[in-house]
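Colleague: What follows is work-v7.cif; its format and atoms are mmCIF, C-alpha atoms.
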```cif
data_query
loop_
_atom_site.group_PDB
_atom_site.id
_atom_site.type_symbol
_atom_site.label_atom_id
_atom_site.label_comp_id
_atom_site.auth_asym_id
_atom_site.auth_seq_id
_atom_site.Cartn_x
_atom_site.Cartn_y
_atom_site.Cartn_z
ATOM 1 C CA MET A 4 -7.137 7.019 -22.994
ATOM 2 C CA ARG A 5 -4.067 8.407 -24.723
ATOM 3 C CA GLY A 6 -3.798 9.237 -28.386
ATOM 4 C CA GLY A 7 -7.312 7.912 -28.912
ATOM 5 C CA GLN A 8 -6.370 4.381 -27.827
ATOM 6 C CA ALA A 9 -6.922 2.620 -24.526
ATOM 7 C CA LEU A 10 -3.804 1.705 -22.615
ATOM 8 C CA PHE A 11 -3.403 -1.910 -21.552
ATOM 9 C CA HIS A 12 -1.850 -3.452 -18.474
ATOM 10 C CA TYR A 13 -0.667 -7.000 -18.070
ATOM 11 C CA ASN A 14 -2.727 -9.365 -15.928
ATOM 12 C CA SER A 15 -0.829 -12.592 -15.296
ATOM 13 C CA GLY A 16 -3.988 -14.647 -15.259
ATOM 14 C CA MET A 17 -6.043 -12.963 -17.958
ATOM 15 C CA GLY A 18 -3.622 -11.398 -20.437
ATOM 16 C CA TYR A 19 -3.855 -7.694 -21.294
ATOM 17 C CA GLU A 20 -6.716 -5.523 -20.109
ATOM 18 C CA PRO A 21 -7.622 -1.852 -20.664
ATOM 19 C CA GLU A 22 -6.205 0.692 -18.248
ATOM 20 C CA GLU A 23 -9.781 1.584 -17.288
ATOM 21 C CA GLU A 24 -9.940 -1.753 -15.450
ATOM 22 C CA LEU A 25 -7.312 -0.467 -13.026
ATOM 23 C CA SER A 26 -9.222 2.785 -12.481
ATOM 24 C CA THR A 27 -12.280 0.730 -11.581
ATOM 25 C CA GLU A 28 -10.203 -1.346 -9.200
ATOM 26 C CA GLN A 29 -8.887 1.780 -7.494
ATOM 27 C CA LYS A 30 -12.449 2.916 -6.850
ATOM 28 C CA GLU A 31 -13.438 -0.530 -5.559
ATOM 29 C CA ILE A 32 -10.474 -0.719 -3.198
ATOM 30 C CA VAL A 33 -11.267 2.653 -1.630
ATOM 31 C CA SER A 34 -14.974 1.829 -1.380
ATOM 32 C CA LYS A 35 -14.473 -1.602 0.228
ATOM 33 C CA ILE A 36 -12.011 -0.299 2.789
ATOM 34 C CA LYS A 37 -14.307 2.582 3.699
ATOM 35 C CA SER A 38 -17.332 0.304 4.069
ATOM 36 C CA LEU A 39 -15.532 -2.285 6.229
ATOM 37 C CA SER A 40 -13.550 0.073 8.472
ATOM 38 C CA LYS A 41 -14.908 0.728 11.955
ATOM 39 C CA THR A 42 -14.652 3.464 14.562
ATOM 40 C CA SER A 43 -15.544 3.524 18.239
ATOM 41 C CA LYS A 44 -17.965 6.404 17.641
ATOM 42 C CA GLU A 45 -19.894 4.508 14.960
ATOM 43 C CA THR A 46 -20.039 1.156 16.740
ATOM 44 C CA GLY A 47 -20.252 2.261 20.358
ATOM 45 C CA VAL A 48 -17.616 -0.394 21.010
ATOM 46 C CA GLY A 49 -13.935 0.056 21.680
ATOM 47 C CA ILE A 50 -13.978 3.299 23.616
ATOM 48 C CA ARG A 51 -10.992 2.050 25.584
ATOM 49 C CA PHE A 52 -9.516 0.037 22.751
ATOM 50 C CA SER A 53 -8.804 1.300 19.250
ATOM 51 C CA TRP A 54 -10.091 -0.311 16.039
ATOM 52 C CA ASN A 55 -6.756 0.543 14.365
ATOM 53 C CA ASN A 56 -5.443 -3.024 14.254
ATOM 54 C CA TYR A 57 -8.717 -4.326 12.831
ATOM 55 C CA ASN A 58 -8.870 -1.595 10.195
ATOM 56 C CA GLY A 59 -5.233 -2.091 9.299
ATOM 57 C CA LYS A 60 -5.738 -5.804 8.722
ATOM 58 C CA VAL A 61 -8.842 -5.188 6.600
ATOM 59 C CA THR A 62 -6.926 -2.670 4.506
ATOM 60 C CA CYS A 63 -4.021 -5.050 3.930
ATOM 61 C CA ASN A 64 -6.351 -7.909 3.024
ATOM 62 C CA ILE A 65 -8.155 -5.836 0.401
ATOM 63 C CA VAL A 66 -4.931 -4.480 -1.106
ATOM 64 C CA LYS A 67 -3.493 -8.016 -1.241
ATOM 65 C CA HIS A 68 -6.624 -9.326 -2.947
ATOM 66 C CA TYR A 69 -6.451 -6.812 -5.783
ATOM 67 C CA LEU A 70 -2.678 -6.634 -6.067
ATOM 68 C CA GLY A 71 -2.354 -10.408 -6.204
ATOM 69 C CA ARG A 72 -4.375 -10.436 -9.422
ATOM 70 C CA ARG A 73 -1.997 -7.966 -11.084
ATOM 71 C CA LEU A 74 1.426 -9.358 -10.254
ATOM 72 C CA ARG A 75 3.756 -10.577 -12.963
ATOM 73 C CA LYS A 76 4.739 -14.219 -13.112
ATOM 74 C CA GLY A 77 7.254 -15.116 -10.425
ATOM 75 C CA LEU A 78 5.847 -12.835 -7.695
ATOM 76 C CA LYS A 79 3.247 -13.138 -4.953
ATOM 77 C CA VAL A 80 1.982 -10.837 -2.212
ATOM 78 C CA VAL A 81 1.928 -11.770 1.490
ATOM 79 C CA GLY A 82 1.406 -9.976 4.771
ATOM 80 C CA PRO A 83 1.297 -8.829 7.390
ATOM 81 C CA ALA A 84 4.533 -10.796 7.634
ATOM 82 C CA PHE A 85 8.082 -10.797 8.945
ATOM 83 C CA ILE A 86 11.510 -11.078 7.375
ATOM 84 C CA LYS A 87 13.915 -13.540 8.967
ATOM 85 C CA GLY A 88 16.348 -11.792 11.276
ATOM 86 C CA LEU A 89 14.226 -8.646 11.699
ATOM 87 C CA PRO A 90 11.892 -7.975 14.662
ATOM 88 C CA MET A 91 9.356 -5.697 12.930
ATOM 89 C CA GLU A 92 6.159 -6.822 11.197
ATOM 90 C CA PHE A 93 5.580 -5.534 7.662
ATOM 91 C CA ASP A 94 2.178 -4.711 6.179
ATOM 92 C CA ILE A 95 2.855 -6.233 2.757
ATOM 93 C CA LEU A 96 5.793 -8.084 1.227
ATOM 94 C CA ILE A 97 6.275 -8.853 -2.446
ATOM 95 C CA VAL A 98 8.187 -12.134 -2.538
ATOM 96 C CA ASP A 99 9.214 -14.887 -4.913
ATOM 97 C CA GLU A 100 6.205 -16.873 -6.068
ATOM 98 C CA LYS A 101 7.570 -20.085 -4.537
ATOM 99 C CA ALA A 102 8.771 -18.513 -1.299
ATOM 100 C CA GLU A 103 7.463 -19.990 1.940
ATOM 101 C CA PRO A 104 7.860 -18.690 5.499
ATOM 102 C CA GLU A 105 10.050 -20.415 8.017
ATOM 103 C CA GLU A 106 8.195 -23.262 9.715
ATOM 104 C CA PHE A 107 5.721 -22.112 12.396
ATOM 105 C CA THR A 108 6.374 -18.443 11.561
ATOM 106 C CA ASP A 109 5.351 -15.745 9.097
ATOM 107 C CA ALA A 110 9.023 -14.902 8.443
ATOM 108 C CA TYR A 111 10.400 -14.986 4.892
ATOM 109 C CA ASP A 112 14.003 -15.291 3.775
ATOM 110 C CA PRO A 113 15.240 -11.759 2.931
ATOM 111 C CA LYS A 114 16.680 -13.102 -0.330
ATOM 112 C CA SER A 115 13.121 -13.870 -1.489
ATOM 113 C CA VAL A 116 11.791 -10.364 -0.740
ATOM 114 C CA HIS A 117 11.483 -7.991 -3.707
ATOM 115 C CA LEU A 118 9.645 -5.103 -2.019
ATOM 116 C CA ILE A 119 8.274 -3.967 1.338
ATOM 117 C CA VAL A 120 5.093 -1.873 1.261
ATOM 118 C CA GLU A 121 4.021 0.318 4.166
ATOM 119 C CA VAL A 122 0.220 0.571 3.938
ATOM 120 C CA LYS A 123 -1.865 3.266 5.600
ATOM 121 C CA SER A 124 -5.651 3.422 5.587
ATOM 122 C CA HIS A 125 -5.757 7.131 6.459
ATOM 123 C CA GLY A 126 -2.262 8.347 5.725
ATOM 124 C CA THR A 127 0.214 9.705 8.268
ATOM 125 C CA TYR A 128 -0.578 13.127 9.723
ATOM 126 C CA SER A 129 2.699 13.660 11.552
ATOM 127 C CA GLU A 130 6.019 14.828 10.184
ATOM 128 C CA ASP A 131 7.846 12.979 12.947
ATOM 129 C CA ALA A 132 6.055 9.732 12.060
ATOM 130 C CA LEU A 133 6.908 10.180 8.382
ATOM 131 C CA LYS A 134 10.545 10.830 9.241
ATOM 132 C CA ARG A 135 10.599 7.615 11.292
ATOM 133 C CA ILE A 136 9.162 5.698 8.335
ATOM 134 C CA LYS A 137 11.866 7.084 6.068
ATOM 135 C CA GLN A 138 14.573 6.234 8.600
ATOM 136 C CA THR A 139 13.261 2.661 8.700
ATOM 137 C CA PHE A 140 13.250 2.480 4.884
ATOM 138 C CA GLU A 141 16.814 3.803 4.785
ATOM 139 C CA ARG A 142 18.037 1.274 7.329
ATOM 140 C CA LEU A 143 16.329 -1.625 5.565
ATOM 141 C CA GLU A 144 17.910 -0.611 2.284
ATOM 142 C CA ARG A 145 21.339 0.218 3.683
ATOM 143 C CA GLU A 146 21.789 -2.794 5.959
ATOM 144 C CA TYR A 147 19.752 -5.467 4.194
ATOM 145 C CA GLY A 148 19.427 -4.310 0.586
ATOM 146 C CA LEU A 149 15.607 -4.259 0.852
ATOM 147 C CA LYS A 150 13.445 -1.946 -1.285
ATOM 148 C CA CYS A 151 10.482 -0.075 0.225
ATOM 149 C CA ALA A 152 7.413 1.876 -0.878
ATOM 150 C CA TYR A 153 4.453 3.639 0.748
ATOM 151 C CA LEU A 154 0.746 3.286 -0.091
ATOM 152 C CA ALA A 155 -2.009 5.394 1.512
ATOM 153 C CA ILE A 156 -5.648 4.597 0.739
ATOM 154 C CA ARG A 157 -6.884 7.999 1.903
ATOM 155 C CA GLU A 158 -4.791 11.139 2.342
ATOM 156 C CA SER A 159 -5.493 14.867 2.567
ATOM 157 C CA GLY A 160 -4.238 16.448 -0.650
ATOM 158 C CA ARG A 161 -7.027 18.957 -1.160
ATOM 159 C CA PRO A 162 -7.342 20.668 2.222
ATOM 160 C CA LYS A 163 -9.575 23.562 3.144
ATOM 161 C CA ARG A 164 -7.981 26.981 3.117
ATOM 162 C CA GLY A 165 -5.226 27.071 5.707
ATOM 163 C CA GLY A 166 -4.948 23.296 5.906
ATOM 164 C CA ARG A 167 -1.874 21.282 4.993
ATOM 165 C CA ASN A 168 -1.508 19.245 1.848
ATOM 166 C CA TRP A 169 -0.363 15.978 3.398
ATOM 167 C CA VAL A 170 0.112 14.304 0.030
ATOM 168 C CA LYS A 171 2.858 16.805 -0.789
ATOM 169 C CA VAL A 172 4.287 16.681 2.725
ATOM 170 C CA THR A 173 4.478 12.889 2.588
ATOM 171 C CA GLN A 174 6.053 12.858 -0.865
ATOM 172 C CA GLU A 175 8.699 15.357 0.195
ATOM 173 C CA LEU A 176 9.567 13.699 3.490
ATOM 174 C CA LEU A 177 9.749 10.184 2.026
ATOM 175 C CA LYS A 178 11.851 11.070 -1.020
ATOM 176 C CA PRO A 179 13.492 9.250 -2.786
ATOM 177 C CA TYR A 180 11.117 6.409 -1.857
ATOM 178 C CA SER A 181 7.993 5.982 -3.978
ATOM 179 C CA SER A 182 4.659 6.924 -2.407
ATOM 180 C CA TYR A 183 1.129 6.428 -3.755
ATOM 181 C CA PHE A 184 -2.260 7.815 -2.688
ATOM 182 C CA LEU A 185 -5.571 6.395 -3.879
ATOM 183 C CA SER A 186 -8.101 8.988 -2.690
ATOM 184 C CA ASP A 187 -8.543 12.289 -0.897
ATOM 185 C CA SER A 188 -9.578 11.854 2.719
ATOM 186 C CA ARG A 189 -11.674 15.046 2.791
ATOM 187 C CA THR A 190 -13.470 15.049 -0.562
ATOM 188 C CA GLY A 191 -13.399 11.328 -1.333
ATOM 189 C CA ASP A 192 -12.144 12.043 -4.862
ATOM 190 C CA LEU A 193 -9.799 9.526 -6.439
ATOM 191 C CA TYR A 194 -6.267 10.558 -7.350
ATOM 192 C CA PRO A 195 -6.028 9.522 -11.026
ATOM 193 C CA ASN A 196 -3.830 6.583 -12.054
ATOM 194 C CA GLN A 197 -2.305 6.023 -8.625
ATOM 195 C CA TRP A 198 -3.285 2.351 -8.426
ATOM 196 C CA ARG A 199 -1.981 1.751 -11.951
ATOM 197 C CA GLN A 200 1.313 3.458 -11.140
ATOM 198 C CA PHE A 201 1.632 1.468 -7.920
ATOM 199 C CA VAL A 202 0.979 -1.825 -9.713
ATOM 200 C CA GLU A 203 3.505 -0.971 -12.410
ATOM 201 C CA TYR A 204 6.095 -0.061 -9.780
ATOM 202 C CA VAL A 205 5.591 -3.334 -7.915
ATOM 203 C CA ASN A 206 5.929 -5.327 -11.124
ATOM 204 C CA SER A 207 9.188 -3.567 -11.983
ATOM 205 C CA PHE A 208 11.045 -5.684 -9.426
#
```
For this file, write the structure as structure tokens.

Modeller:
Amino acid sequence: MRGGQALFHYNSGMGYEPEEELSTEQKEIVSKIKSLSKTSKETGVGIRFSWNNYNGKVTCNIVKHYLGRRLRKGLKVVGPAFIKGLPMEFDILIVDEKAEPEEFTDAYDPKSVHLIVEVKSHGTYSEDALKRIKQTFERLEREYGLKCAYLAIRESGRPKRGGRNWVKVTQELLKPYSSYFLSDSRTGDLYPNQWRQFVEYVNSF
């Protein structure tokens, strides 16, 4: 609420809805990902093999489900997917609504790509890894004219005394690229308005 009136955000299929709807969605996204994610300790399975790929796919599927309902006309969300001419797989691509991958592949024409989104279920707790992500973003933008952003579902922004604030570290190391964080990995608290800001950013392309 601002100025005593509810803010509204455009929903391509349902018109304008109160901003509170997006806050509810943010909570649902975090809750669904947490409930569906698995670890070797909890399941007793995968001691030799990580659940990371499974959890990553679940996270992307949930983000795509909610984001797809909020995109402006002319856009759609796909992924994990490739871009023609590039060897790396991308978590999420925002592409032209009518774009289709090359036959028998998940590779989209770079001219149809509006935004690349790096998605992390638990953030990135390594400065070196964050620097590599930024270097990749810079190369994609410099050589191919592609725009990039970063979305973490859970990240440590409220550490115990002596701990590092990885939200701030990530923001600093990824600048000038936009980064968004939905919840705190230690306390479980939501970071206000992050899903709304992410949706608005995506729809700006």

Colleague: Any idea what the distance is between atom CA of Glu103 of chain A and atom CA of Phe201 of chain A?

Modeller: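 Taking atom CA of Glu103 of chain A and atom CA of Phe201 of chain A, their separation equals 24.3 Å.
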
Colleague: Please provide as a ChimeraX atom specification all residues within 10 Å of Val33 of chain A, with the sequence filter that same-chain residues fewer than 2 positions apart are discarded (counting only C-alpha atoms).

Modeller: /A:28-31,35-38,62,65-66,124,156-157,185-186,191-193

Colleague: Contacts of Phe85 of chain A at 7 Å or less, counting all atoms listed in the file, minus same-chain residues fewer than 3 places along, as a list in words?

Modeller: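 Using all atoms listed in the file, the neighbours found are Met91, Glu92, Phe93, Asp109, Ala110 and Tyr111 of chain A.
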
Colleague: For the file shown, what are the residues hit by the PyMOL selection byres ((chain A and resi 129) around 12), laid out as a PyMOL selection string?

Modeller: chain A and resi 125-128+130-136+167-170+172-173+176

Colleague: Atom CA of Ala155 of chain A and atom CA of Leu89 of chain A, how far apart in Å?

Modeller: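 Computing the Euclidean distance for atom CA of Leu89 of chain A and atom CA of Ala155 of chain A yields 23.8 Å.
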
Colleague: Could you tell me which of A:Tyr183, A:Tyr69, A:Tyr153, A:Trp54 comes closest to Ile32 of chain A if we count all atoms listed in the file?

Modeller: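 Nearest to Ile32 of chain A: A:Tyr69.
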
Colleague: Using all atoms listed in the file, which residue out of A:Leu154, A:Thr139, A:Gly59, A:Pro179 lies closest to Gln197 of chain A?

Modeller: A:Leu154

Colleague: Give me, please, the distance in Å between atom CA of Asp187 of chain A and atom CA of Pro83 of chain A, quoted to one decimal.

Modeller: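 Between these atoms lies a distance of 24.7 Å.
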
Colleague: Taking only C-alpha atoms into account, name the residue in A:Pro104, A:Gly82, A:Pro195, A:Pro90 that is nearest to Leu118 of chain A.

Modeller: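 Counting only C-alpha atoms, the residue closest to Leu118 of chain A is A:Gly82.
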
Colleague: Kindly indicate which residue among A:Cys151, A:Ile95, A:Ile86, A:Val120 lies nearest to Lys67 of chain A, using only C-alpha atoms for the distances.

Modeller: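 Closest residue, counting only C-alpha atoms: A:Ile95.
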
Colleague: Restricting the calculation to all atoms listed in the file, which member of A:Asp94, A:Thr27, A:Lys171, A:Glu22 is positioned closest to Val122 of chain A?

Modeller: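 Of A:Asp94, A:Thr27, A:Lys171, A:Glu22, the one nearest Val122 of chain A, counting all atoms listed in the file, is A:Asp94.
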
Colleague: For segment 60-73 of chain A, take all atoms listed in the file, fit an axis-aligned box around them, add 3 Å to each of the six sides, then output centre and edge lengths in Å rounded to one decimal, as AutoDock Vina command-line options.

Modeller:
```
--center_x -5.4 --center_y -6.6 --center_z -1.2 --size_x 12.8 --size_y 13.8 --size_z 25.8
```

Colleague: List the neighbours of Asp99 of chain A out to 6 Å using only C-alpha atoms; skip same-chain residues closer than 2 positions along the sequence, and give me the result as a ChimeraX atom specification.

Modeller: /A:77-78,101-102,115

Colleague: Nearest residue to Cys63 of chain A out of A:Tyr180, A:Val80, A:Arg75, A:Gly88, using only C-alpha atoms?

Modeller: A:Val80
